[in-house]
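Working notes, structure below.
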Amino acid sequence: MNEPTFSYGSVNFHKTFSPQDFYLTKILKLAKENFIGSKEKISEETGIPTGKTSGKVVPHILYAQYMGLITHTLSNGKYSLELTDFGKIVLENDKYLFDDITRLLCHYHICDEEIGAYLWSFLYNGLPLMLDENMSEEAIKKKYNDFFMIKTDLRALRRSYSDDGFFAHLNLLDFADGICINSAYYKDERFYAYVYALFSSWDRKYAETREITADQIIDMKWNKRFGFDEGEMLFALEKMEEKQFIRLNKQLVPYTVIRNADTVDVLPYLYELLN
């Protein structure tokens with residue numbers, strides 16, 4: 001994982017608040033209107049509580065951005081909000097953010113090394129965790145604090161995957177005994193989400209090439225963020241080959257993947273296979 005410059009605020013931006021779908025939906029609606037205004041004005045428009053030094057408006061703007069739903073800028077105390085292409089598709093198909101497809105891809109984005117949130121990203125890119133392997137709470141805190149060199153607050157991360165948290169229903173992480181990244185199986189209804197996630201990461205990491213190796217896909221943590229071991233990853237890639245989104249060259253070691261489509265070609269179909 002690259003080592004950017006950290007500050008307490010950038011790492012613990014959430015201020016202990018875990019993401020809430022109701023507030024994220026309000027932020028998305030403002031972004032659809034290309035809203036520009038202060039956090040106080042956002043609070044007035046949405047009902048999301050805020051204050052001079054705390055509150056849930058700013059954390060939810062940042063959550064929405066780290067989840068890939070919006071982009072934002074801050075100038076002279078005013079936030080400019082705009083939907084991403086992914087955010088537009090979500091708002092059209094799942095405006096209350098209830099669907100597993102939405103939450104799975106929000107998880108995928110927030111755990112990304114380049115565009116995600118530091119605490120979420122480090123979980124997949126910094127912790128030496130294999131699938132279905134537990135790490136103790138004490139070991140986790142030490143890894144986080146040693147890497148970021150500040151005291152990190154993991155409560156919001158833990159809550160987001162536990163009980164009724166935003167990502168809990170996906171069963172991707174287990175915090176019952178420290179932390180565990182759960183293994184998972186490919187699901188047909190999520191097919192286009194898998195393709196979109198692969199291509200979007202590919203765009204960020206290997207934009208100059210149409211062919212990458214299986215090792216490079218593993219390095220992007222594409223499979224790990226879905227809970228796929230290498231066998232399940234190959235199965236998912238073979239499904240993509242069946243539908244001609246990619247071509248696999250298994251004569252090479254490691255095998256390579258050649259893409260036949262662009263990310264924008266996949267976006268309109270994200271919710272296509274839902275019953």
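Each chain in the structure tokens gets a letter, A, B and so on, in the order shown; residues start at 1 in every chain, and ligands are counted from 1 in the order they appear.
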
Practice task
With a distance cut-off of 10 Å and only C-alpha atoms, select the neighbouring residues of region 117-131 of chain A, excluding the residue or stretch itself and same-chain residues fewer than 6 positions from it, and output the selection as a VMD selection string.
Solution key: chain A and resid 1 to 2 4 6 10 to 14 62 to 63 65 to 67 107 to 111 139 to 140 143 to 144 147 to 148 152 to 154 156 to 158 173 179 to 184 219 to 222 224 to 225 227 to 229

Leaving out region 252-263 of chain A and any residue of its chain fewer than 3 positions from it, which residues lie within 6 Å of it when counting only C-alpha atoms, given as a PDB file with all heavy atoms, in the first residue's frame?
ATOM      1  N   TYR A 196     -17.958  -4.731 -13.627  1.00  0.00           N
ATOM      2  CA  TYR A 196     -17.743  -3.288 -13.433  1.00  0.00           C
ATOM      3  C   TYR A 196     -16.589  -3.033 -12.475  1.00  0.00           C
ATOM      4  O   TYR A 196     -15.723  -2.177 -12.720  1.00  0.00           O
ATOM      5  CB  TYR A 196     -19.024  -2.633 -12.913  1.00  0.00           C
ATOM      6  CG  TYR A 196     -18.777  -1.255 -12.327  1.00  0.00           C
ATOM      7  CD1 TYR A 196     -18.550  -0.162 -13.157  1.00  0.00           C
ATOM      8  CD2 TYR A 196     -18.721  -1.073 -10.951  1.00  0.00           C
ATOM      9  CE1 TYR A 196     -18.290   1.099 -12.620  1.00  0.00           C
ATOM     10  CE2 TYR A 196     -18.466   0.176 -10.408  1.00  0.00           C
ATOM     11  CZ  TYR A 196     -18.254   1.253 -11.245  1.00  0.00           C
ATOM     12  OH  TYR A 196     -17.976   2.480 -10.718  1.00  0.00           O
ATOM     13  N   PHE A 199     -13.211  -3.840 -14.153  1.00  0.00           N
ATOM     14  CA  PHE A 199     -12.831  -2.843 -15.168  1.00  0.00           C
ATOM     15  C   PHE A 199     -12.499  -1.484 -14.551  1.00  0.00           C
ATOM     16  O   PHE A 199     -11.590  -0.786 -15.000  1.00  0.00           O
ATOM     17  CB  PHE A 199     -13.944  -2.697 -16.202  1.00  0.00           C
ATOM     18  CG  PHE A 199     -14.022  -3.836 -17.184  1.00  0.00           C
ATOM     19  CD1 PHE A 199     -15.012  -3.860 -18.161  1.00  0.00           C
ATOM     20  CD2 PHE A 199     -13.119  -4.884 -17.155  1.00  0.00           C
ATOM     21  CE1 PHE A 199     -15.087  -4.895 -19.077  1.00  0.00           C
ATOM     22  CE2 PHE A 199     -13.195  -5.937 -18.066  1.00  0.00           C
ATOM     23  CZ  PHE A 199     -14.187  -5.945 -19.025  1.00  0.00           C
ATOM     24  N   ARG A 210      -4.578  -3.498 -22.382  1.00  0.00           N
ATOM     25  CA  ARG A 210      -5.833  -4.271 -22.460  1.00  0.00           C
ATOM     26  C   ARG A 210      -5.623  -5.701 -21.985  1.00  0.00           C
ATOM     27  O   ARG A 210      -6.550  -6.504 -22.026  1.00  0.00           O
ATOM     28  CB  ARG A 210      -6.371  -4.289 -23.901  1.00  0.00           C
ATOM     29  CG  ARG A 210      -6.603  -2.933 -24.524  1.00  0.00           C
ATOM     30  CD  ARG A 210      -7.768  -2.189 -23.907  1.00  0.00           C
ATOM     31  NE  ARG A 210      -9.064  -2.678 -24.345  1.00  0.00           N
ATOM     32  CZ  ARG A 210     -10.225  -2.112 -24.034  1.00  0.00           C
ATOM     33  NH1 ARG A 210     -10.241  -1.034 -23.257  1.00  0.00           N
ATOM     34  NH2 ARG A 210     -11.365  -2.608 -24.465  1.00  0.00           N
ATOM     35  N   GLU A 211      -4.425  -6.025 -21.529  1.00  0.00           N
ATOM     36  CA  GLU A 211      -4.139  -7.388 -21.070  1.00  0.00           C
ATOM     37  C   GLU A 211      -3.343  -7.328 -19.777  1.00  0.00           C
ATOM     38  O   GLU A 211      -2.312  -6.659 -19.696  1.00  0.00           O
ATOM     39  CB  GLU A 211      -3.361  -8.168 -22.128  1.00  0.00           C
ATOM     40  CG  GLU A 211      -3.068  -9.609 -21.735  1.00  0.00           C
ATOM     41  CD  GLU A 211      -2.400 -10.416 -22.837  1.00  0.00           C
ATOM     42  OE1 GLU A 211      -1.990  -9.810 -23.848  1.00  0.00           O
ATOM     43  OE2 GLU A 211      -2.304 -11.648 -22.704  1.00  0.00           O
ATOM     44  N   ILE A 212      -3.838  -7.997 -18.750  1.00  0.00           N
ATOM     45  CA  ILE A 212      -3.127  -8.073 -17.480  1.00  0.00           C
ATOM     46  C   ILE A 212      -3.108  -9.521 -16.999  1.00  0.00           C
ATOM     47  O   ILE A 212      -3.863 -10.367 -17.492  1.00  0.00           O
ATOM     48  CB  ILE A 212      -3.763  -7.164 -16.400  1.00  0.00           C
ATOM     49  CG1 ILE A 212      -5.218  -7.563 -16.125  1.00  0.00           C
ATOM     50  CG2 ILE A 212      -3.652  -5.700 -16.802  1.00  0.00           C
ATOM     51  CD1 ILE A 212      -5.874  -6.755 -14.996  1.00  0.00           C
ATOM     52  N   THR A 213      -2.256  -9.799 -16.036  1.00  0.00           N
ATOM     53  CA  THR A 213      -2.133 -11.163 -15.524  1.00  0.00           C
ATOM     54  C   THR A 213      -3.070 -11.399 -14.341  1.00  0.00           C
ATOM     55  O   THR A 213      -3.542 -10.456 -13.699  1.00  0.00           O
ATOM     56  CB  THR A 213      -0.696 -11.444 -15.061  1.00  0.00           C
ATOM     57  OG1 THR A 213      -0.418 -10.645 -13.895  1.00  0.00           O
ATOM     58  CG2 THR A 213       0.316 -11.120 -16.162  1.00  0.00           C
ATOM     59  N   ALA A 214      -3.278 -12.677 -14.031  1.00  0.00           N
ATOM     60  CA  ALA A 214      -4.063 -13.038 -12.851  1.00  0.00           C
ATOM     61  C   ALA A 214      -3.417 -12.478 -11.595  1.00  0.00           C
ATOM     62  O   ALA A 214      -4.109 -12.035 -10.668  1.00  0.00           O
ATOM     63  CB  ALA A 214      -4.182 -14.552 -12.756  1.00  0.00           C
ATOM     64  N   PHE A 245     -16.989 -10.515 -22.305  1.00  0.00           N
ATOM     65  CA  PHE A 245     -16.439  -9.270 -21.775  1.00  0.00           C
ATOM     66  C   PHE A 245     -14.914  -9.322 -21.720  1.00  0.00           C
ATOM     67  O   PHE A 245     -14.250  -8.295 -21.806  1.00  0.00           O
ATOM     68  CB  PHE A 245     -16.999  -8.979 -20.383  1.00  0.00           C
ATOM     69  CG  PHE A 245     -18.395  -8.428 -20.413  1.00  0.00           C
ATOM     70  CD1 PHE A 245     -19.492  -9.241 -20.186  1.00  0.00           C
ATOM     71  CD2 PHE A 245     -18.609  -7.079 -20.675  1.00  0.00           C
ATOM     72  CE1 PHE A 245     -20.781  -8.737 -20.220  1.00  0.00           C
ATOM     73  CE2 PHE A 245     -19.898  -6.555 -20.711  1.00  0.00           C
ATOM     74  CZ  PHE A 245     -20.980  -7.392 -20.493  1.00  0.00           C
ATOM     75  N   ILE A 246     -14.406 -10.535 -21.536  1.00  0.00           N
ATOM     76  CA  ILE A 246     -12.956 -10.733 -21.495  1.00  0.00           C
ATOM     77  C   ILE A 246     -12.602 -11.999 -22.270  1.00  0.00           C
ATOM     78  O   ILE A 246     -13.478 -12.779 -22.655  1.00  0.00           O
ATOM     79  CB  ILE A 246     -12.432 -10.886 -20.044  1.00  0.00           C
ATOM     80  CG1 ILE A 246     -13.026 -12.151 -19.405  1.00  0.00           C
ATOM     81  CG2 ILE A 246     -12.723  -9.640 -19.213  1.00  0.00           C
ATOM     82  CD1 ILE A 246     -12.368 -12.543 -18.089  1.00  0.00           C
ATOM     83  N   ARG A 247     -11.308 -12.183 -22.471  1.00  0.00           N
ATOM     84  CA  ARG A 247     -10.786 -13.437 -23.008  1.00  0.00           C
ATOM     85  C   ARG A 247      -9.650 -13.871 -22.117  1.00  0.00           C
ATOM     86  O   ARG A 247      -8.834 -13.053 -21.687  1.00  0.00           O
ATOM     87  CB  ARG A 247     -10.308 -13.260 -24.450  1.00  0.00           C
ATOM     88  CG  ARG A 247      -9.818 -14.549 -25.105  1.00  0.00           C
ATOM     89  CD  ARG A 247      -9.723 -14.377 -26.614  1.00  0.00           C
ATOM     90  NE  ARG A 247      -8.820 -13.312 -26.994  1.00  0.00           N
ATOM     91  CZ  ARG A 247      -7.495 -13.476 -27.126  1.00  0.00           C
ATOM     92  NH1 ARG A 247      -6.941 -14.654 -26.889  1.00  0.00           N
ATOM     93  NH2 ARG A 247      -6.739 -12.454 -27.498  1.00  0.00           N
ATOM     94  N   LEU A 248      -9.606 -15.163 -21.779  1.00  0.00           N
ATOM     95  CA  LEU A 248      -8.558 -15.716 -20.932  1.00  0.00           C
ATOM     96  C   LEU A 248      -7.518 -16.430 -21.774  1.00  0.00           C
ATOM     97  O   LEU A 248      -7.855 -17.164 -22.692  1.00  0.00           O
ATOM     98  CB  LEU A 248      -9.156 -16.703 -19.925  1.00  0.00           C
ATOM     99  CG  LEU A 248     -10.173 -16.146 -18.922  1.00  0.00           C
ATOM    100  CD1 LEU A 248     -10.768 -17.272 -18.083  1.00  0.00           C
ATOM    101  CD2 LEU A 248      -9.513 -15.120 -18.010  1.00  0.00           C
ATOM    102  N   ASN A 249      -6.256 -16.199 -21.455  1.00  0.00           N
ATOM    103  CA  ASN A 249      -5.164 -16.933 -22.092  1.00  0.00           C
ATOM    104  C   ASN A 249      -4.531 -17.820 -21.032  1.00  0.00           C
ATOM    105  O   ASN A 249      -3.665 -17.389 -20.268  1.00  0.00           O
ATOM    106  CB  ASN A 249      -4.130 -15.971 -22.677  1.00  0.00           C
ATOM    107  CG  ASN A 249      -3.047 -16.707 -23.455  1.00  0.00           C
ATOM    108  OD1 ASN A 249      -2.943 -17.934 -23.390  1.00  0.00           O
ATOM    109  ND2 ASN A 249      -2.225 -15.968 -24.174  1.00  0.00           N
ATOM    110  N   VAL A 266     -20.544  -1.438 -19.209  1.00  0.00           N
ATOM    111  CA  VAL A 266     -21.098  -2.328 -18.187  1.00  0.00           C
ATOM    112  C   VAL A 266     -22.075  -1.608 -17.265  1.00  0.00           C
ATOM    113  O   VAL A 266     -23.076  -2.186 -16.819  1.00  0.00           O
ATOM    114  CB  VAL A 266     -19.951  -2.946 -17.344  1.00  0.00           C
ATOM    115  CG1 VAL A 266     -20.504  -3.956 -16.340  1.00  0.00           C
ATOM    116  CG2 VAL A 266     -18.911  -3.590 -18.243  1.00  0.00           C
TER     117      VAL A 266
END

Handout entry: Distance criterion (only C-alpha atoms): nearest to Ser18 (chain A) out of A:Ala64, A:Ile217, A:Leu83, A:Leu91
Key = A:Ala64

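The shortest atom-to-atom distance to Phe226 (chain A), with only C-alpha atoms taken into account, belongs to A:Asn171 out of A:Ala207, A:Gln251, A:Arg155, A:Asn171.
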
Practice task
Using only C-alpha atoms, find the one residue out of A:Thr209, A:Thr84, A:Thr102, A:Thr25 that sits nearest to His169 (chain A).
Solution key: A:Thr102

Handout entry: Picked from region 53-246 of chain A by DSSP as helix (DSSP H, G or I), as a count of residues only
Key = 102
